[in-house]
Amino acid sequence: MARRLYTFLLWLLLPWVVLHLLLRSRRQPEYRQYWRERFGFYEHVEPDRRIWIHAVSVGETRAAQPLVAALKQSYPNHRILFTHMTPTGRATGGELFKTGADRAYLAYDYPGAVARFLDHWKPEFGIVMETELWPNLVAACRARSIPLFLANARLSDRSMRGYRRFEKLSRDTLGSLTGIAAQSDADAERLTALGARDVKVFGNIKFDLALPAEKLAQGRTLRAAIGSRSVFLCASTREGEEDLILDAWCAANRKDVLLVLVPRHPQRFDAVAMLITARGLRIERRSSGVVPDTETDVWLGDSLGEMFAYYAACDVAFIGGSLLDFGSQNLIEACAVGCPILLGPSTFNFSQAATDALAAGAAKQAKDAAEIVADALSLLGNGAARKSMSTAGLAFTRQHCGATAKTVDWLARSVSQAGH
């Protein structure tokens, strides 16, 4: 009954769904592409044995890299089907997985669309990265005896409160999954409290990510071209954060330091450029191909797929999404490069990783933009402190490796037990 009511509400929301796509496409034209896939209509593909991985957007797609590499070793005769919900996620999938993989949008959770998706692709089993629960999709997989797993699962206290508003539906959906591999004991406890069964804890797959050597080399080249100025990177910033950072930066008035701003979402690049110029700051854009000179105040990172290059080019990095209440973006990548990192007060999306990084001395946390800028400038003037945080970050990431191998071993056993 709970799922029927959910489906009825979905149908009522259908006009809003279409309007939402149209509005998003005004800012990001890629949303106009592949509309049919979102309703379960796909182009013809050759029959093949497929493992399906659902990665909502960029972060989940990148997190899946070590898992895909391990799955290809364990299942060499299978193709990987990647499904996404955002154009940037889809583009990232194409960049990272050029061979042996298909890409598509996951159909919206209408029963007919979900049925068409599963009947078209016929995956042998599916893996949903992190936390993306679609009740009709889970039910359809169960009806077709397709094992469906939640991997690298996380659930914050905030998300748990949201799911509890629909407790019967959440309990039925979680209970219908073949298995769940959680990032931490706390995540496992919250998932179990919502109705998940036999949740395993294997750690965070993101720690197993192989660093892209070519991007790190690119970053070192950029750093050499910038010259002797210190570089303060604000990575994956979210809407509203750039305003606060720029105000604090203008108040600090440090012309001897280059500020690098890399917004999380590409559709906001132009808006952030306007915020910079409105303050009278001299801007250079990465897309121009011109390396900042000594007169450049702010370098706008308006490029995709170069975050590791930015980390390699900077001296200190602030992790965006943590200054305002977004829960933080991925801090693990910066630590893996050996970058001293600063966090704002909001880290619920990476709660365990943030707690561990702070305890290890790889990160510092601040309450607001002024304190973040002050901490950054303090670190830029203290080479020994930066070195200590860098060493701690490298040790921290090495210490937490290994989740991928445990997850793939568990998946193989679970799929075998399910008769596939």
# chains A, B, ... in the order shown; residues from 1 in each chain; ligands from 1
call {"tool": "closest_atom_pairs", "arguments": {"of": "range 176-242 of chain A", "to": "range 295-311 of chain A", "cutoff": "9 Å", "atoms": "only C-alpha atoms", "output": "CSV"}}
result
residue,atom,partner,partner_atom,distance
A:Leu211,CA,A:Phe308,CA,7.9
A:Pro212,CA,A:Phe308,CA,7.5
A:Glu214,CA,A:Ala309,CA,8.5
A:Lys215,CA,A:Ala309,CA,4.8
A:Leu216,CA,A:Ala309,CA,5.1
A:Ala217,CA,A:Ala309,CA,7.4
A:Gln218,CA,A:Ala309,CA,5.7
A:Gly219,CA,A:Ala309,CA,3.9
A:Arg220,CA,A:Ala309,CA,7.5
A:Leu222,CA,A:Ala309,CA,8.1
A:Arg223,CA,A:Tyr310,CA,8.8
A:Leu233,CA,A:Tyr310,CA,7.4
A:Ala235,CA,A:Met307,CA,7.7
A:Ser236,CA,A:Met307,CA,8.5
call {"tool": "write_last_selection", "arguments": {"atoms": "C-alpha atoms", "output": "compact mmCIF listing (two decimals), in the first residue's frame"}}
result
# COMPACT_ATOMS: atom_id res chain seq x y z
CA LEU A 211 45.59 8.84 -8.44
CA PRO A 212 45.71 9.96 -12.12
CA GLU A 214 48.77 12.69 -15.86
CA LYS A 215 46.59 15.10 -13.85
CA LEU A 216 49.14 15.31 -11.04
CA ALA A 217 51.87 16.04 -13.58
CA GLN A 218 49.63 18.68 -15.15
CA GLY A 219 49.16 20.25 -11.73
CA ARG A 220 52.88 20.39 -11.08
CA LEU A 222 50.73 24.65 -13.64
CA ARG A 223 52.31 25.28 -10.24
CA LEU A 233 42.50 26.58 -3.53
CA ALA A 235 37.64 23.30 -4.31
CA SER A 236 34.12 22.31 -5.36
call {"tool": "residues_around", "arguments": {"residues": "range 129-143 of chain A", "least_positions_apart": "2", "cutoff": "8 Å", "atoms": "only C-alpha atoms", "output": "ChimeraX atom specification"}}
result
/A:3,7,53-56,60,64,109-111,114-115,118,127,145-148,150-155,169-170,173-174,176-177
call {"tool": "write_last_selection", "arguments": {"atoms": "N, CA and C atoms", "output": "mmCIF file, in the first residue's frame"}}
result
data_model
loop_
_atom_site.group_PDB
_atom_site.id
_atom_site.type_symbol
_atom_site.label_atom_id
_atom_site.label_comp_id
_atom_site.auth_asym_id
_atom_site.auth_seq_id
_atom_site.Cartn_x
_atom_site.Cartn_y
_atom_site.Cartn_z
ATOM 1 N N ARG A 3 3.859 1.647 -1.243
ATOM 2 C CA ARG A 3 4.464 1.853 -2.559
ATOM 3 C C ARG A 3 3.415 2.305 -3.583
ATOM 4 N N THR A 7 3.705 5.673 -5.747
ATOM 5 C CA THR A 7 3.590 5.698 -7.203
ATOM 6 C C THR A 7 2.516 6.680 -7.653
ATOM 7 N N ILE A 53 25.902 -0.585 -12.678
ATOM 8 C CA ILE A 53 26.296 0.281 -11.561
ATOM 9 C C ILE A 53 25.563 1.606 -11.714
ATOM 10 N N HIS A 54 24.841 2.000 -10.688
ATOM 11 C CA HIS A 54 24.170 3.298 -10.710
ATOM 12 C C HIS A 54 24.972 4.296 -9.887
ATOM 13 N N ALA A 55 25.436 5.344 -10.550
ATOM 14 C CA ALA A 55 26.213 6.408 -9.907
ATOM 15 C C ALA A 55 25.545 7.732 -10.256
ATOM 16 N N VAL A 56 24.910 8.362 -9.285
ATOM 17 C CA VAL A 56 24.036 9.500 -9.549
ATOM 18 C C VAL A 56 24.737 10.594 -10.343
ATOM 19 N N GLU A 60 29.828 10.105 -7.189
ATOM 20 C CA GLU A 60 29.595 8.656 -7.142
ATOM 21 C C GLU A 60 30.285 7.942 -8.306
ATOM 22 N N ALA A 64 33.325 5.090 -8.016
ATOM 23 C CA ALA A 64 33.173 3.734 -8.546
ATOM 24 C C ALA A 64 34.414 3.225 -9.272
ATOM 25 N N ASP A 109 11.443 6.590 -11.566
ATOM 26 C CA ASP A 109 10.911 5.439 -10.828
ATOM 27 C C ASP A 109 9.413 5.186 -11.064
ATOM 28 N N TYR A 110 8.985 5.312 -12.320
ATOM 29 C CA TYR A 110 7.630 4.917 -12.693
ATOM 30 C C TYR A 110 7.656 3.434 -13.073
ATOM 31 N N PRO A 111 6.677 2.649 -12.660
ATOM 32 C CA PRO A 111 6.729 1.189 -12.883
ATOM 33 C C PRO A 111 7.012 0.804 -14.331
ATOM 34 N N VAL A 114 10.684 1.737 -15.301
ATOM 35 C CA VAL A 114 11.637 0.826 -14.644
ATOM 36 C C VAL A 114 11.625 -0.537 -15.329
ATOM 37 N N ALA A 115 10.441 -1.020 -15.672
ATOM 38 C CA ALA A 115 10.337 -2.312 -16.350
ATOM 39 C C ALA A 115 11.044 -2.278 -17.700
ATOM 40 N N LEU A 118 14.929 -2.406 -17.164
ATOM 41 C CA LEU A 118 15.455 -3.727 -16.808
ATOM 42 C C LEU A 118 15.305 -4.717 -17.957
ATOM 43 N N ILE A 127 24.401 -2.637 -8.767
ATOM 44 C CA ILE A 127 25.058 -2.012 -7.613
ATOM 45 C C ILE A 127 24.699 -0.536 -7.603
ATOM 46 N N SER A 145 14.189 -11.343 -9.946
ATOM 47 C CA SER A 145 15.309 -12.085 -9.331
ATOM 48 C C SER A 145 16.658 -11.534 -9.774
ATOM 49 N N ILE A 146 16.739 -10.203 -9.919
ATOM 50 C CA ILE A 146 18.010 -9.537 -10.215
ATOM 51 C C ILE A 146 18.596 -9.058 -8.893
ATOM 52 N N PRO A 147 19.699 -9.617 -8.424
ATOM 53 C CA PRO A 147 20.293 -9.146 -7.167
ATOM 54 C C PRO A 147 20.661 -7.665 -7.258
ATOM 55 N N LEU A 148 20.271 -6.916 -6.252
ATOM 56 C CA LEU A 148 20.549 -5.482 -6.232
ATOM 57 C C LEU A 148 21.186 -5.117 -4.893
ATOM 58 N N LEU A 150 23.407 -2.240 -2.374
ATOM 59 C CA LEU A 150 23.791 -0.867 -2.038
ATOM 60 C C LEU A 150 25.237 -0.934 -1.567
ATOM 61 N N ALA A 151 26.141 -0.292 -2.291
ATOM 62 C CA ALA A 151 27.574 -0.373 -1.978
ATOM 63 C C ALA A 151 28.114 0.993 -1.582
ATOM 64 N N ASN A 152 29.130 0.964 -0.718
ATOM 65 C CA ASN A 152 29.715 2.211 -0.196
ATOM 66 C C ASN A 152 28.634 3.071 0.436
ATOM 67 N N ALA A 153 27.684 2.435 1.086
ATOM 68 C CA ALA A 153 26.475 3.107 1.564
ATOM 69 C C ALA A 153 26.776 4.038 2.737
ATOM 70 N N ARG A 154 26.125 5.173 2.702
ATOM 71 C CA ARG A 154 26.214 6.120 3.808
ATOM 72 C C ARG A 154 24.829 6.684 4.077
ATOM 73 N N LEU A 155 24.580 7.037 5.322
ATOM 74 C CA LEU A 155 23.286 7.613 5.690
ATOM 75 C C LEU A 155 23.513 8.546 6.870
ATOM 76 N N LEU A 169 7.569 2.629 3.724
ATOM 77 C CA LEU A 169 8.150 2.530 2.389
ATOM 78 C C LEU A 169 9.662 2.320 2.466
ATOM 79 N N SER A 170 10.343 3.056 3.353
ATOM 80 C CA SER A 170 11.790 2.903 3.507
ATOM 81 C C SER A 170 12.148 1.510 3.996
ATOM 82 N N THR A 173 11.674 -1.031 1.177
ATOM 83 C CA THR A 173 12.681 -0.872 0.123
ATOM 84 C C THR A 173 14.032 -1.402 0.578
ATOM 85 N N LEU A 174 14.491 -0.977 1.746
ATOM 86 C CA LEU A 174 15.775 -1.449 2.258
ATOM 87 C C LEU A 174 15.760 -2.956 2.486
ATOM 88 N N SER A 176 14.223 -5.139 0.859
ATOM 89 C CA SER A 176 14.153 -5.890 -0.403
ATOM 90 C C SER A 176 15.480 -5.929 -1.149
ATOM 91 N N LEU A 177 16.467 -5.167 -0.684
ATOM 92 C CA LEU A 177 17.790 -5.221 -1.309
ATOM 93 C C LEU A 177 18.468 -6.557 -0.998
#
call {"tool": "select_by_dssp", "arguments": {"residues": "range 61-254 of chain A", "states": "strand (DSSP E or B)", "output": "PyMOL selection string"}}
result
chain A and resi 79-84+101-105+125-129+148-153+179-182+199-201+230-237
call {"tool": "residues_around", "arguments": {"residues": "Gly338 in chain A", "least_positions_apart": "5", "cutoff": "10 Å", "atoms": "only C-alpha atoms", "output": "ChimeraX atom specification"}}
result
/A:311-312,315-316,332-333,362,386-397
call {"tool": "closest_residue", "arguments": {"among": "A:Arg268, A:Ala252, A:Gly280, A:Gly320", "to": "Thr237 in chain A", "atoms": "only C-alpha atoms"}}
result
A:Gly320
call {"tool": "residues_around", "arguments": {"residues": "range 245-248 of chain A", "least_positions_apart": "4", "cutoff": "7 Å", "atoms": "only C-alpha atoms", "output": "PyMOL selection string"}}
result
chain A and resi 241+252+369-370+373
call {"tool": "closest_residue", "arguments": {"among": "A:Leu81, A:Leu281, A:Leu275, A:Ile180", "to": "Leu411 in chain A", "atoms": "only C-alpha atoms"}}
result
A:Ile180
call {"tool": "closest_atom_pairs", "arguments": {"of": "range 139-220 of chain A", "to": "range 344-356 of chain A", "cutoff": "9 Å", "atoms": "only C-alpha atoms", "output": "Markdown table"}}
result
| residue | atom | partner | partner_atom | distance |
| --- | --- | --- | --- | --- |
| A:Arg154 | CA | A:Asn349 | CA | 7.8 |
| A:Leu155 | CA | A:Asn349 | CA | 8.0 |
| A:Ser156 | CA | A:Phe348 | CA | 6.1 |
| A:Asp157 | CA | A:Phe348 | CA | 8.0 |
| A:Arg158 | CA | A:Phe348 | CA | 8.2 |
| A:Gln183 | CA | A:Gln352 | CA | 8.5 |
| A:Ser184 | CA | A:Gln352 | CA | 7.2 |
| A:Ala186 | CA | A:Gln352 | CA | 8.5 |
| A:Asn204 | CA | A:Ala353 | CA | 8.5 |
call {"tool": "select_by_dssp", "arguments": {"residues": "range 202-244 of chain A", "states": "helix (DSSP H, G or I)", "output": "NGL selection string"}}
result
:A and (205-208 or 213-226 or 241-244)
call {"tool": "write_last_selection", "arguments": {"atoms": "N, CA and C atoms", "output": "mmCIF file, in the first residue's frame"}}
result
data_model
loop_
_atom_site.group_PDB
_atom_site.id
_atom_site.type_symbol
_atom_site.label_atom_id
_atom_site.label_comp_id
_atom_site.auth_asym_id
_atom_site.auth_seq_id
_atom_site.Cartn_x
_atom_site.Cartn_y
_atom_site.Cartn_z
ATOM 1 N N ILE A 205 35.106 3.089 -0.166
ATOM 2 C CA ILE A 205 35.794 2.746 -1.407
ATOM 3 C C ILE A 205 36.607 3.921 -1.946
ATOM 4 N N LYS A 206 36.212 5.136 -1.615
ATOM 5 C CA LYS A 206 36.897 6.311 -2.152
ATOM 6 C C LYS A 206 38.366 6.373 -1.741
ATOM 7 N N PHE A 207 38.725 5.685 -0.674
ATOM 8 C CA PHE A 207 40.127 5.655 -0.263
ATOM 9 C C PHE A 207 40.992 4.824 -1.218
ATOM 10 N N ASP A 208 40.359 3.974 -2.029
ATOM 11 C CA ASP A 208 41.109 3.086 -2.927
ATOM 12 C C ASP A 208 41.324 3.684 -4.314
ATOM 13 N N ALA A 213 48.042 9.939 -12.711
ATOM 14 C CA ALA A 213 49.401 10.478 -12.822
ATOM 15 C C ALA A 213 49.462 11.671 -13.765
ATOM 16 N N GLU A 214 48.686 11.599 -14.883
ATOM 17 C CA GLU A 214 48.771 12.687 -15.858
ATOM 18 C C GLU A 214 48.202 13.991 -15.300
ATOM 19 N N LYS A 215 47.167 13.895 -14.447
ATOM 20 C CA LYS A 215 46.591 15.103 -13.847
ATOM 21 C C LYS A 215 47.528 15.693 -12.788
ATOM 22 N N LEU A 216 48.178 14.821 -12.033
ATOM 23 C CA LEU A 216 49.139 15.307 -11.043
ATOM 24 C C LEU A 216 50.319 15.991 -11.726
ATOM 25 N N ALA A 217 50.781 15.414 -12.833
ATOM 26 C CA ALA A 217 51.870 16.039 -13.581
ATOM 27 C C ALA A 217 51.430 17.384 -14.154
ATOM 28 N N GLN A 218 50.184 17.426 -14.639
ATOM 29 C CA GLN A 218 49.627 18.680 -15.151
ATOM 30 C C GLN A 218 49.589 19.738 -14.054
ATOM 31 N N GLY A 219 49.206 19.333 -12.852
ATOM 32 C CA GLY A 219 49.155 20.250 -11.729
ATOM 33 C C GLY A 219 50.526 20.795 -11.369
ATOM 34 N N ARG A 220 51.523 19.935 -11.391
ATOM 35 C CA ARG A 220 52.883 20.393 -11.079
ATOM 36 C C ARG A 220 53.376 21.386 -12.139
ATOM 37 N N THR A 221 53.014 21.138 -13.386
ATOM 38 C CA THR A 221 53.389 22.062 -14.466
ATOM 39 C C THR A 221 52.719 23.423 -14.269
ATOM 40 N N LEU A 222 51.446 23.405 -13.897
ATOM 41 C CA LEU A 222 50.729 24.647 -13.640
ATOM 42 C C LEU A 222 51.347 25.403 -12.464
ATOM 43 N N ARG A 223 51.712 24.648 -11.424
ATOM 44 C CA ARG A 223 52.307 25.280 -10.235
ATOM 45 C C ARG A 223 53.611 25.958 -10.585
ATOM 46 N N ALA A 224 54.419 25.308 -11.415
ATOM 47 C CA ALA A 224 55.689 25.904 -11.820
ATOM 48 C C ALA A 224 55.457 27.169 -12.646
ATOM 49 N N ALA A 225 54.401 27.145 -13.470
ATOM 50 C CA ALA A 225 54.113 28.301 -14.315
ATOM 51 C C ALA A 225 53.600 29.482 -13.495
ATOM 52 N N ILE A 226 52.901 29.194 -12.391
ATOM 53 C CA ILE A 226 52.387 30.269 -11.533
ATOM 54 C C ILE A 226 53.534 31.029 -10.879
ATOM 55 N N GLU A 241 28.686 30.049 -1.169
ATOM 56 C CA GLU A 241 29.985 29.976 -0.501
ATOM 57 C C GLU A 241 30.993 30.938 -1.114
ATOM 58 N N GLU A 242 30.950 31.092 -2.449
ATOM 59 C CA GLU A 242 31.916 31.980 -3.091
ATOM 60 C C GLU A 242 31.767 33.415 -2.592
ATOM 61 N N ASP A 243 30.526 33.857 -2.392
ATOM 62 C CA ASP A 243 30.300 35.207 -1.864
ATOM 63 C C ASP A 243 31.031 35.404 -0.539
ATOM 64 N N LEU A 244 30.866 34.444 0.359
ATOM 65 C CA LEU A 244 31.464 34.540 1.692
ATOM 66 C C LEU A 244 32.989 34.494 1.621
#
call {"tool": "closest_residue", "arguments": {"among": "A:Asn253, A:Thr277, A:Thr86, A:Ser322", "to": "Leu377 in chain A", "atoms": "only C-alpha atoms"}}
result
A:Asn253
call {"tool": "residues_around", "arguments": {"residues": "range 89-92 of chain A", "least_positions_apart": "5", "cutoff": "12 Å", "atoms": "only C-alpha atoms", "output": "short mmCIF file (atom, residue, chain, number, x, y, z; two decimals) with N, CA and C atoms, in the first residue's frame"}}
result
data_model
loop_
_atom_site.label_atom_id
_atom_site.label_comp_id
_atom_site.auth_asym_id
_atom_site.auth_seq_id
_atom_site.Cartn_x
_atom_site.Cartn_y
_atom_site.Cartn_z
N GLU A 30 22.70 20.34 -21.74
CA GLU A 30 22.83 18.89 -21.83
C GLU A 30 21.61 18.15 -21.28
N TYR A 31 20.84 18.82 -20.43
CA TYR A 31 19.63 18.20 -19.90
C TYR A 31 18.58 17.96 -20.98
N GLN A 33 19.23 16.47 -23.73
CA GLN A 33 19.63 15.26 -24.45
C GLN A 33 19.13 14.01 -23.74
N TYR A 34 18.86 12.99 -24.52
CA TYR A 34 18.51 11.65 -24.02
C TYR A 34 17.27 11.67 -23.11
N HIS A 54 24.84 2.00 -10.69
CA HIS A 54 24.17 3.30 -10.71
C HIS A 54 24.97 4.30 -9.89
N ALA A 55 25.44 5.34 -10.55
CA ALA A 55 26.21 6.41 -9.91
C ALA A 55 25.55 7.73 -10.26
N VAL A 56 24.91 8.36 -9.28
CA VAL A 56 24.04 9.50 -9.55
C VAL A 56 24.74 10.59 -10.34
N SER A 57 25.86 11.08 -9.82
CA SER A 57 26.53 12.21 -10.45
C SER A 57 28.04 12.02 -10.41
N VAL A 58 28.78 13.12 -10.43
CA VAL A 58 30.23 13.06 -10.58
C VAL A 58 30.90 12.33 -9.42
N GLY A 59 30.53 12.68 -8.19
CA GLY A 59 31.19 12.10 -7.03
C GLY A 59 31.04 10.59 -6.97
N GLU A 60 29.83 10.10 -7.19
CA GLU A 60 29.60 8.66 -7.14
C GLU A 60 30.29 7.94 -8.31
N THR A 61 30.35 8.61 -9.47
CA THR A 61 31.00 8.01 -10.63
C THR A 61 32.49 7.85 -10.39
N ARG A 62 33.11 8.88 -9.86
CA ARG A 62 34.54 8.79 -9.55
C ARG A 62 34.79 7.75 -8.45
N ALA A 63 33.89 7.70 -7.48
CA ALA A 63 34.06 6.73 -6.40
C ALA A 63 34.01 5.31 -6.90
N ALA A 64 33.32 5.09 -8.02
CA ALA A 64 33.17 3.73 -8.55
C ALA A 64 34.41 3.22 -9.27
N GLN A 65 35.40 4.09 -9.53
CA GLN A 65 36.58 3.68 -10.30
C GLN A 65 37.27 2.44 -9.75
N LEU A 81 27.43 -1.55 -17.26
CA LEU A 81 26.42 -0.55 -17.60
C LEU A 81 26.42 0.50 -16.50
N PHE A 82 26.74 1.74 -16.87
CA PHE A 82 26.68 2.85 -15.92
C PHE A 82 25.39 3.63 -16.15
N THR A 83 24.65 3.87 -15.08
CA THR A 83 23.51 4.78 -15.17
C THR A 83 23.75 5.98 -14.27
N HIS A 84 23.23 7.12 -14.70
CA HIS A 84 23.43 8.38 -14.00
C HIS A 84 22.11 9.13 -13.95
N PHE A 97 35.63 5.80 -18.19
CA PHE A 97 35.44 4.41 -18.63
C PHE A 97 35.15 4.38 -20.12
N LYS A 98 36.22 4.41 -20.90
CA LYS A 98 36.09 4.55 -22.34
C LYS A 98 35.83 3.23 -23.05
N ALA A 101 32.22 -0.43 -21.43
CA ALA A 101 31.17 0.13 -20.59
C ALA A 101 30.12 0.83 -21.45
N ASP A 102 28.89 0.75 -21.02
CA ASP A 102 27.78 1.49 -21.62
C ASP A 102 27.33 2.56 -20.63
N ARG A 103 26.77 3.64 -21.17
CA ARG A 103 26.27 4.72 -20.30
C ARG A 103 24.84 5.05 -20.68
N ALA A 104 24.05 5.36 -19.67
CA ALA A 104 22.66 5.73 -19.91
C ALA A 104 22.13 6.46 -18.68
N TYR A 105 21.00 7.15 -18.85
CA TYR A 105 20.30 7.68 -17.69
C TYR A 105 19.43 6.59 -17.10
N LEU A 106 19.38 6.55 -15.78
CA LEU A 106 18.46 5.63 -15.13
C LEU A 106 17.04 6.16 -15.31
N HIS A 265 29.59 23.10 -9.72
CA HIS A 265 28.70 22.87 -10.85
C HIS A 265 29.07 23.78 -12.02
N PRO A 266 29.27 23.23 -13.21
CA PRO A 266 29.73 24.03 -14.35
C PRO A 266 28.74 25.10 -14.79
N LEU A 304 36.40 20.97 -16.38
CA LEU A 304 35.90 19.71 -15.82
C LEU A 304 37.02 18.67 -15.82
N GLY A 305 37.02 17.81 -14.81
CA GLY A 305 37.95 16.69 -14.77
C GLY A 305 39.37 17.04 -14.39
N GLU A 306 39.59 18.23 -13.81
CA GLU A 306 40.95 18.64 -13.49
C GLU A 306 41.17 18.86 -12.00
#
